[in-house]
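Undergrad: As input, take my_file-v8.txt (compact mmCIF, C-alpha atoms):
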```txt
# COMPACT_ATOMS: atom_id res chain seq x y z
CA MET A 1 194.89 90.53 -178.41
CA GLU A 2 192.65 93.59 -178.10
CA GLY A 3 190.73 92.50 -181.20
CA GLU A 4 190.16 89.04 -179.73
CA GLU A 5 188.93 90.55 -176.46
CA ARG A 6 186.53 92.76 -178.39
CA LYS A 7 185.16 89.74 -180.25
CA ARG A 8 184.70 87.79 -177.02
CA SER A 9 182.86 90.70 -175.37
CA LYS A 10 180.50 90.97 -178.34
CA GLY A 11 179.41 87.40 -177.82
CA ARG A 12 179.13 87.70 -174.04
CA LEU A 13 175.75 87.70 -172.31
CA CYS A 14 174.77 90.38 -169.84
CA CYS A 15 175.96 89.25 -166.40
CA LEU A 16 172.74 90.52 -164.78
CA CYS A 17 169.91 89.21 -166.96
CA ASN A 18 171.84 86.44 -168.79
CA GLU A 19 169.51 86.96 -171.73
CA ARG A 20 170.64 89.92 -173.83
CA ARG A 21 174.09 90.54 -175.24
CA ALA A 22 176.36 92.72 -173.13
CA SER A 23 176.83 96.08 -174.82
CA LEU A 24 178.91 98.00 -172.27
CA LYS A 25 181.27 97.63 -169.33
CA ARG A 26 179.95 99.48 -166.32
CA PRO A 27 182.64 101.94 -165.07
CA LYS A 28 181.78 101.58 -161.39
CA THR A 29 181.82 97.77 -161.21
CA LEU A 30 183.43 96.72 -164.53
CA GLU A 31 180.46 94.38 -165.11
CA GLN A 32 179.58 93.48 -168.70
CA ILE A 33 175.89 94.35 -169.02
CA CYS A 34 173.25 95.21 -171.59
CA LYS A 35 171.79 98.68 -172.00
CA ASP A 36 168.44 97.80 -170.44
CA CYS A 37 170.08 96.42 -167.30
CA PHE A 38 172.34 99.47 -167.16
CA TYR A 39 169.30 101.76 -167.19
CA ASP A 40 167.70 99.67 -164.44
CA VAL A 41 170.70 99.59 -162.07
CA PHE A 42 171.54 103.25 -162.72
CA GLU A 43 168.02 104.40 -161.86
CA ASP A 44 167.53 101.92 -159.02
CA GLU A 45 170.71 103.00 -157.20
CA ILE A 46 169.49 106.58 -157.23
CA HIS A 47 166.01 105.52 -156.10
CA GLN A 48 167.44 103.45 -153.24
CA LEU A 49 169.56 106.40 -152.13
CA ILE A 50 166.56 108.74 -152.20
CA VAL A 51 164.46 106.29 -150.17
CA GLY A 52 167.25 105.25 -147.81
CA GLU A 53 168.26 108.81 -147.00
CA GLN A 54 164.64 110.01 -146.94
CA LEU A 55 165.56 112.93 -149.16
CA PHE A 56 161.99 113.94 -149.95
CA ARG A 57 158.48 113.87 -148.55
CA SER A 58 155.32 113.58 -150.60
CA GLY A 59 153.91 116.96 -151.58
CA GLU A 60 157.23 118.81 -151.43
CA ARG A 61 158.20 121.38 -154.04
CA ILE A 62 161.66 120.56 -155.44
CA ALA A 63 163.84 122.82 -157.59
CA ILE A 64 166.37 121.13 -159.86
CA GLY A 65 169.47 123.23 -160.48
CA ALA A 66 169.56 123.12 -164.29
CA SER A 67 172.58 124.33 -166.23
CA GLY A 68 171.90 122.40 -169.44
CA GLY A 69 174.95 120.20 -168.81
CA LYS A 70 174.96 116.42 -168.69
CA ASP A 71 174.60 116.10 -164.91
CA SER A 72 171.65 118.41 -164.41
CA THR A 73 169.95 117.17 -167.59
CA VAL A 74 170.20 113.52 -166.52
CA LEU A 75 169.10 114.51 -163.01
CA ALA A 76 165.99 116.24 -164.36
CA TYR A 77 165.17 113.25 -166.58
CA VAL A 78 165.75 110.58 -163.92
CA LEU A 79 164.08 112.45 -161.07
CA SER A 80 161.04 113.11 -163.26
CA LYS A 81 160.87 109.41 -164.15
CA LEU A 82 161.36 108.16 -160.58
CA ASN A 83 158.80 110.65 -159.30
CA ARG A 84 156.29 109.23 -161.78
CA VAL A 85 157.18 105.54 -161.46
CA HIS A 86 157.53 105.40 -157.66
CA ASN A 87 154.85 107.97 -156.82
CA TYR A 88 157.10 110.29 -154.82
CA GLY A 89 154.38 112.93 -155.04
CA LEU A 90 156.87 115.74 -155.73
CA HIS A 91 156.24 119.02 -157.55
CA LEU A 92 159.35 119.53 -159.69
CA PHE A 93 160.74 122.77 -161.12
CA LEU A 94 163.79 123.66 -163.20
CA LEU A 95 165.89 126.52 -161.84
CA SER A 96 168.66 128.08 -163.95
CA VAL A 97 171.13 130.89 -163.43
CA ASP A 98 172.18 133.19 -166.25
CA GLU A 99 175.65 134.42 -165.31
CA GLY A 100 175.91 136.51 -168.44
CA ILE A 101 178.64 134.61 -170.32
CA THR A 102 178.28 135.19 -174.04
CA GLY A 103 178.86 132.10 -176.15
CA TYR A 104 178.45 129.76 -173.19
CA ARG A 105 175.54 130.34 -170.84
CA ASP A 106 173.29 131.88 -173.48
CA ASP A 107 173.76 128.71 -175.56
CA SER A 108 173.31 126.31 -172.64
CA LEU A 109 170.10 128.04 -171.58
CA GLN A 110 168.64 127.15 -174.95
CA THR A 111 169.14 123.51 -173.94
CA VAL A 112 167.41 124.15 -170.63
CA HIS A 113 164.43 125.68 -172.43
CA ARG A 114 164.22 122.56 -174.61
CA ASN A 115 164.40 120.36 -171.50
CA GLN A 116 161.54 122.37 -170.04
CA ILE A 117 159.38 121.30 -172.96
CA GLN A 118 160.73 117.74 -173.15
CA TYR A 119 160.15 116.99 -169.45
CA ASP A 120 157.10 119.24 -169.04
CA LEU A 121 158.57 121.06 -166.03
CA PRO A 122 158.14 124.73 -165.06
CA LEU A 123 161.33 126.81 -165.46
CA LYS A 124 162.63 129.83 -163.58
CA VAL A 125 165.75 131.70 -164.74
CA VAL A 126 167.53 134.22 -162.49
CA SER A 127 170.38 136.39 -163.74
CA TYR A 128 173.44 138.04 -162.25
CA LYS A 129 172.51 141.23 -164.08
CA ASP A 130 169.14 141.46 -162.35
CA LEU A 131 170.40 140.36 -158.93
CA TYR A 132 173.77 142.12 -158.77
CA GLY A 133 173.88 144.59 -161.64
CA TRP A 134 176.88 142.79 -163.17
CA THR A 135 177.33 140.02 -165.74
CA MET A 136 180.32 137.68 -165.68
CA ASP A 137 181.43 139.17 -169.01
CA GLN A 138 181.62 142.59 -167.31
CA ILE A 139 183.41 141.18 -164.27
CA VAL A 140 186.01 139.37 -166.38
CA ASN A 141 186.57 142.52 -168.43
CA LEU A 142 187.37 144.27 -165.15
CA ILE A 143 189.43 141.66 -163.28
CA GLY A 144 190.62 139.24 -165.96
CA THR A 145 190.38 135.45 -165.68
CA LYS A 146 192.62 134.89 -162.67
CA ASN A 147 189.98 135.13 -159.91
CA ASN A 148 186.74 135.08 -161.85
CA CYS A 149 185.65 131.68 -160.51
CA THR A 150 185.59 133.17 -157.01
CA PHE A 151 183.00 135.76 -158.05
CA CYS A 152 180.98 133.34 -160.15
CA GLY A 153 180.80 130.60 -157.53
CA VAL A 154 179.77 132.90 -154.68
CA PHE A 155 177.21 134.78 -156.78
CA ARG A 156 175.80 131.61 -158.28
CA ARG A 157 175.24 129.90 -154.96
CA GLN A 158 173.29 132.86 -153.66
CA ALA A 159 171.44 133.27 -156.98
CA LEU A 160 170.22 129.66 -156.78
CA ASP A 161 168.99 130.22 -153.24
CA ARG A 162 167.16 133.38 -154.26
CA GLY A 163 165.60 131.62 -157.24
CA ALA A 164 164.55 128.72 -155.01
CA ALA A 165 162.99 131.19 -152.56
CA PHE A 166 161.08 132.81 -155.43
CA LEU A 167 159.69 129.38 -156.40
CA LYS A 168 158.84 128.72 -152.73
CA VAL A 169 160.39 125.27 -152.90
CA ASP A 170 161.17 123.02 -149.96
CA LYS A 171 164.50 121.72 -151.31
CA LEU A 172 167.01 122.35 -154.07
CA VAL A 173 168.67 119.38 -155.78
CA THR A 174 171.90 119.65 -157.73
CA GLY A 175 173.71 117.34 -160.15
CA HIS A 176 176.91 116.98 -158.15
CA ASN A 177 178.17 113.47 -158.84
CA ALA A 178 180.62 111.15 -157.09
CA ASP A 179 183.59 112.53 -159.05
CA ASP A 180 182.72 116.09 -158.00
CA ILE A 181 182.45 115.15 -154.34
CA ALA A 182 185.74 113.22 -154.39
CA GLU A 183 187.40 116.26 -156.01
CA THR A 184 185.98 118.53 -153.32
CA VAL A 185 187.26 116.26 -150.54
CA LEU A 186 190.78 116.47 -151.97
CA LEU A 187 190.58 120.23 -152.52
CA ASN A 188 189.43 120.91 -148.97
CA ILE A 189 192.24 118.74 -147.59
CA LEU A 190 194.80 120.56 -149.73
CA ARG A 191 193.49 123.94 -148.61
CA GLY A 192 193.10 122.92 -144.98
CA ASP A 193 189.49 124.10 -145.14
CA ILE A 194 188.11 122.28 -142.12
CA ALA A 195 184.69 123.94 -142.23
CA ARG A 196 183.91 122.77 -145.74
CA LEU A 197 185.61 119.40 -145.33
CA SER A 198 183.23 118.59 -142.49
CA ARG A 199 180.16 118.99 -144.71
CA CYS A 200 181.25 118.44 -148.32
CA THR A 201 180.31 114.74 -148.29
CA SER A 202 176.88 115.30 -146.77
CA ILE A 203 174.10 114.27 -149.12
CA THR A 204 171.96 117.10 -147.72
CA THR A 205 173.36 120.44 -146.62
CA GLY A 206 171.87 123.68 -145.39
CA GLU A 207 169.26 122.11 -143.14
CA ASP A 208 169.75 125.05 -140.78
CA GLY A 209 169.05 127.49 -143.61
CA PRO A 210 165.87 128.37 -145.47
CA ILE A 211 166.27 125.83 -148.30
CA PRO A 212 168.27 122.59 -147.89
CA ARG A 213 170.29 121.23 -150.85
CA CYS A 214 170.38 117.56 -151.83
CA LYS A 215 172.74 115.55 -154.05
CA PRO A 216 170.95 112.44 -155.39
CA PHE A 217 174.02 111.67 -157.56
CA LYS A 218 176.37 111.46 -154.56
CA TYR A 219 177.53 107.93 -155.43
CA THR A 220 176.90 108.14 -159.20
CA TYR A 221 179.99 108.11 -161.42
CA GLU A 222 180.40 110.84 -164.01
CA LYS A 223 181.22 108.26 -166.70
CA GLU A 224 177.95 106.47 -166.04
CA ILE A 225 176.02 109.74 -166.27
CA VAL A 226 177.62 110.36 -169.66
CA MET A 227 176.81 106.82 -170.80
CA TYR A 228 173.21 107.15 -169.62
CA ALA A 229 172.77 110.45 -171.44
CA TYR A 230 174.37 109.01 -174.58
CA PHE A 231 172.34 105.80 -174.75
CA LYS A 232 169.12 107.62 -173.84
CA ARG A 233 169.97 110.31 -176.40
CA LEU A 234 169.21 113.09 -173.95
CA ASP A 235 169.54 116.68 -175.08
CA TYR A 236 172.37 118.38 -173.16
CA PHE A 237 175.05 121.04 -173.62
CA SER A 238 178.64 119.79 -173.42
CA THR A 239 180.88 122.88 -173.80
CA GLU A 240 183.03 123.83 -170.79
CA CYS A 241 182.91 127.33 -169.35
CA ILE A 242 185.16 129.63 -171.37
CA TYR A 243 186.38 131.43 -168.24
CA SER A 244 187.70 128.45 -166.25
CA PRO A 245 190.28 126.61 -168.38
CA ASN A 246 192.94 126.74 -165.66
CA ALA A 247 190.77 126.36 -162.58
CA TYR A 248 192.45 124.59 -159.65
CA ARG A 249 189.63 122.04 -159.55
CA GLY A 250 190.72 120.82 -162.96
CA PHE A 251 194.00 119.51 -161.53
CA ALA A 252 192.15 117.53 -158.85
CA ARG A 253 189.83 116.18 -161.54
CA GLU A 254 192.74 114.88 -163.62
CA PHE A 255 194.30 113.28 -160.56
CA ILE A 256 191.08 111.44 -159.73
CA LYS A 257 190.70 110.28 -163.33
CA ASP A 258 194.20 108.78 -163.12
CA LEU A 259 193.27 106.99 -159.89
CA GLU A 260 190.05 105.70 -161.42
CA ARG A 261 191.93 104.14 -164.32
CA ILE A 262 194.04 102.17 -161.85
CA ARG A 263 191.25 101.40 -159.39
CA PRO A 264 187.61 102.21 -160.28
CA ARG A 265 186.57 102.21 -156.62
CA ALA A 266 189.02 105.02 -155.83
CA ILE A 267 186.25 107.61 -156.24
CA LEU A 268 184.00 105.91 -153.68
CA ASP A 269 186.97 105.31 -151.39
CA ILE A 270 187.80 109.03 -151.31
CA ILE A 271 184.18 109.89 -150.55
CA LYS A 272 184.12 107.30 -147.78
CA SER A 273 187.32 108.75 -146.33
CA GLY A 274 185.73 112.19 -146.33
CA GLU A 275 182.67 110.79 -144.55
CA ASN A 276 184.88 109.24 -141.87
CA PHE A 277 186.90 112.36 -141.05
CA ARG A 278 186.23 113.63 -137.57
CA ILE A 279 186.90 117.23 -136.60
CA SER A 280 188.74 117.73 -133.33
CA THR A 281 186.47 119.09 -130.59
CA ALA A 282 189.14 121.74 -129.93
CA THR A 283 188.67 123.18 -133.41
CA LYS A 284 186.72 126.42 -133.47
CA MET A 285 184.24 126.37 -136.34
CA PRO A 286 182.65 129.44 -137.96
CA GLU A 287 179.33 130.43 -136.39
CA GLN A 288 176.41 130.76 -138.76
CA GLY A 289 174.57 134.06 -138.81
CA THR A 290 173.05 136.45 -141.31
CA CYS A 291 174.53 139.20 -143.43
CA GLU A 292 173.82 142.67 -142.05
CA ARG A 293 173.53 144.03 -145.56
CA CYS A 294 171.34 141.53 -147.48
CA GLY A 295 170.13 139.07 -144.84
CA TYR A 296 171.75 136.06 -146.52
CA ILE A 297 173.41 133.37 -144.37
CA SER A 298 176.95 134.29 -143.35
CA SER A 299 179.50 133.74 -140.60
CA GLN A 300 180.73 137.32 -140.98
CA LYS A 301 179.04 140.73 -140.71
CA TRP A 302 178.76 140.82 -144.50
CA CYS A 303 178.33 137.71 -146.63
CA LYS A 304 180.96 136.93 -149.26
CA ALA A 305 178.66 138.03 -152.10
CA CYS A 306 178.13 141.46 -150.55
CA VAL A 307 181.87 141.91 -149.95
CA LEU A 308 182.68 141.00 -153.56
CA LEU A 309 179.85 143.14 -154.92
CA ASP A 310 180.93 146.10 -152.79
CA GLY A 311 184.44 145.77 -154.18
CA LEU A 312 183.16 145.72 -157.76
CA ASN A 313 180.95 148.77 -157.23
CA ARG A 314 183.78 150.72 -155.58
CA GLY A 315 186.27 149.83 -158.30
CA LEU A 316 188.20 147.59 -155.90
CA PRO A 317 187.48 144.10 -157.32
CA LYS A 318 190.18 142.38 -155.22
CA LEU A 319 188.65 143.62 -151.98
CA GLY A 320 186.95 140.36 -151.03
CA ILE A 321 189.46 137.90 -152.45
CA GLY A 322 192.12 138.09 -149.74
CA ARG A 323 195.25 136.01 -150.11
CA ASN A 324 194.72 134.21 -153.36
CA ARG A 325 195.34 130.47 -153.54
CA GLY A 326 194.09 130.08 -157.06
CA SER A 327 190.58 129.71 -158.33
CA ILE A 328 189.04 126.36 -157.61
CA GLY A 329 186.62 126.53 -160.48
CA CYS A 330 183.13 125.20 -160.71
CA LYS A 331 181.11 122.15 -161.34
CA ASP A 332 178.39 123.20 -163.76
CA GLY A 333 178.92 126.58 -162.13
CA ILE A 334 176.76 125.51 -159.23
CA GLU A 335 179.19 125.23 -156.38
CA SER A 336 182.58 126.84 -156.66
CA GLN A 337 184.81 128.57 -154.19
CA GLY A 338 188.03 130.30 -155.06
CA GLY A 339 190.83 131.95 -153.15
CA LYS A 340 190.66 132.07 -149.38
CA SER A 341 187.11 132.48 -148.17
CA ILE A 342 186.54 135.18 -145.56
CA GLU A 343 183.87 132.90 -144.17
CA SER A 344 186.30 130.07 -143.36
CA LYS A 345 189.24 131.65 -141.58
CA GLN A 346 189.28 129.18 -138.71
CA PHE A 347 191.55 126.23 -139.30
CA GLY A 348 192.01 123.26 -137.05
CA THR A 349 193.15 119.68 -136.94
CA LEU A 350 191.63 116.45 -138.15
CA ASP A 351 191.09 113.32 -136.13
CA PHE A 352 191.59 110.24 -138.29
```
So, in terms of structure tokens, how does the structure I just supplied come out?
TA:
Amino acid sequence: MEGEERKRSKGRLCCLCNERRASLKRPKTLEQICKDCFYDVFEDEIHQLIVGEQLFRSGERIAIGASGGKDSTVLAYVLSKLNRVHNYGLHLFLLSVDEGITGYRDDSLQTVHRNQIQYDLPLKVVSYKDLYGWTMDQIVNLIGTKNNCTFCGVFRRQALDRGAAFLKVDKLVTGHNADDIAETVLLNILRGDIARLSRCTSITTGEDGPIPRCKPFKYTYEKEIVMYAYFKRLDYFSTECIYSPNAYRGFAREFIKDLERIRPRAILDIIKSGENFRISTATKMPEQGTCERCGYISSQKWCKACVLLDGLNRGLPKLGIGRNRGSIGCKDGIESQGGKSIESKQFGTLDF
């Protein structure tokens, strides 16, 4: 039966153009379409989101968080193309973070350097060693792999902001896709993290800070990003971080993959649920301020990065971790939070 179905699909015309043979089944809609139509709908959905949400203004300087992975590589390629085709008028830059992970980040940065040449985009690399005096290899040697994602996620978020400030950009875009956002919704519900749940589905965050962050792939499925990179033969790095094999986020990812197999729209449904959550007015939310030590945004006297760094320098690496709930892990290392954040101690109720 499977063989017969395969034969029928080979002879089927693309359901969009009705001219070329269908060569793939689109994961999001299960439509049988040709590669050219897939490229068109993939790019057009992102373009419509950018225009509809008014993510950018002509003349803005935009940094693309580039890890060398599939998401950031496709983002750099597509955003460069859309900027050219639709005359966005943007000045694009690649921004990478070198966490100091031998055999992982050093290899992936080689991909980023190739992308710099392939897409003709300026590149800035910032490193943990230069910013904090520590590499992730050194941190893991000190604390082991149990809580390392906490350090890496906090440091990386701040490192990206500092790199973006160096480039004097107006916005930072990241390759977080629909799967990542659905995972984050579930994780924040499981942790009872009301502060992050209220903003994790926002397509733009940090408007009250120096450099807002945007997610043009908010409704783009991970499987479609992989297919796009494969058919376009884009140059990307596919190895997972060697220090996060048991990250808590991985369990949420597997759960969502199971849901997707049963119902492809499950990913979008979870995101939509997150968008529709309403925080009770009685819930006390953390107040945004600045760190007394480094000046970075924080809801405490010291930001999380300074607390963790102080613990490392004093030989007390667990100082800023608090009650551990397991490392959540990272998505391309760009946005990870582990343990119980000292910046999100206030918990409240949800209005459904």
Undergrad: At what distance in Å, to one decimal, does atom CA of A:Asn177 lie from atom CA of A:Tyr219?
TA: 6.5 Å
Undergrad: Dig up all the protein and nucleic acid residues within 12 Å of (158.7, 106.6, -157.3) in the file frame, using only C-alpha atoms, and format them as number ranges by chain.
TA: A: 43-44, 46-48, 50-51, 56-58, 78-90
Undergrad: Counting all atoms listed in the file, what are the residues of stretch 21-89 of chain A within 8 Å of stretch 223-247 of chain A, and for each of them which pair of atoms is the nearest and at what distance in Å, to one decimal? Sort the table by chain and rising number, as CSV.
TA:
```
residue,atom,partner,partner_atom,distance
A:Arg26,CA,A:Glu224,CA,7.3
A:Pro27,CA,A:Glu224,CA,6.6
A:Lys28,CA,A:Glu224,CA,7.8
A:Lys35,CA,A:Phe231,CA,7.7
A:Tyr39,CA,A:Tyr228,CA,7.1
A:Phe42,CA,A:Glu224,CA,7.9
A:Gly68,CA,A:Phe237,CA,5.4
A:Gly69,CA,A:Phe237,CA,4.9
A:Lys70,CA,A:Tyr236,CA,5.5
A:Asp71,CA,A:Ile225,CA,6.7
A:Thr73,CA,A:Tyr236,CA,6.2
A:Val74,CA,A:Ala229,CA,6.3
```
Undergrad: Using only C-alpha atoms, which of the listed residues (A:Ser96, A:Asn148, A:Thr102, A:Gln116) sits closest to A:Leu167?
TA: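 Using only C-alpha atoms, the shortest distance to A:Leu167 belongs to A:Ser96.
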Undergrad: One decimal, in Å: what's the spacing between atom CA of A:Lys218 and atom CA of A:His113?
TA: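 Those two atoms sit 25.8 Å apart.
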Undergrad: Between A:Ile143, A:Leu24, A:Cys149, A:Ala266, which has the minimum distance to A:Arg12 (counting all atoms listed in the file)?
TA: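 Checking each candidate against A:Arg12, we get A:Leu24 as the closest.
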Undergrad: In file coordinates, which residues lie within 9 Å of (176.3, 90.2, -166.0) using only C-alpha atoms, given as a list in words?
TA: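 The requested residues, written out, are Arg12, Leu13, Cys14, Cys15, Leu16, Cys17, Asn18, Ala22, Glu31, Gln32, Ile33, Cys34 and Cys37 of chain A.
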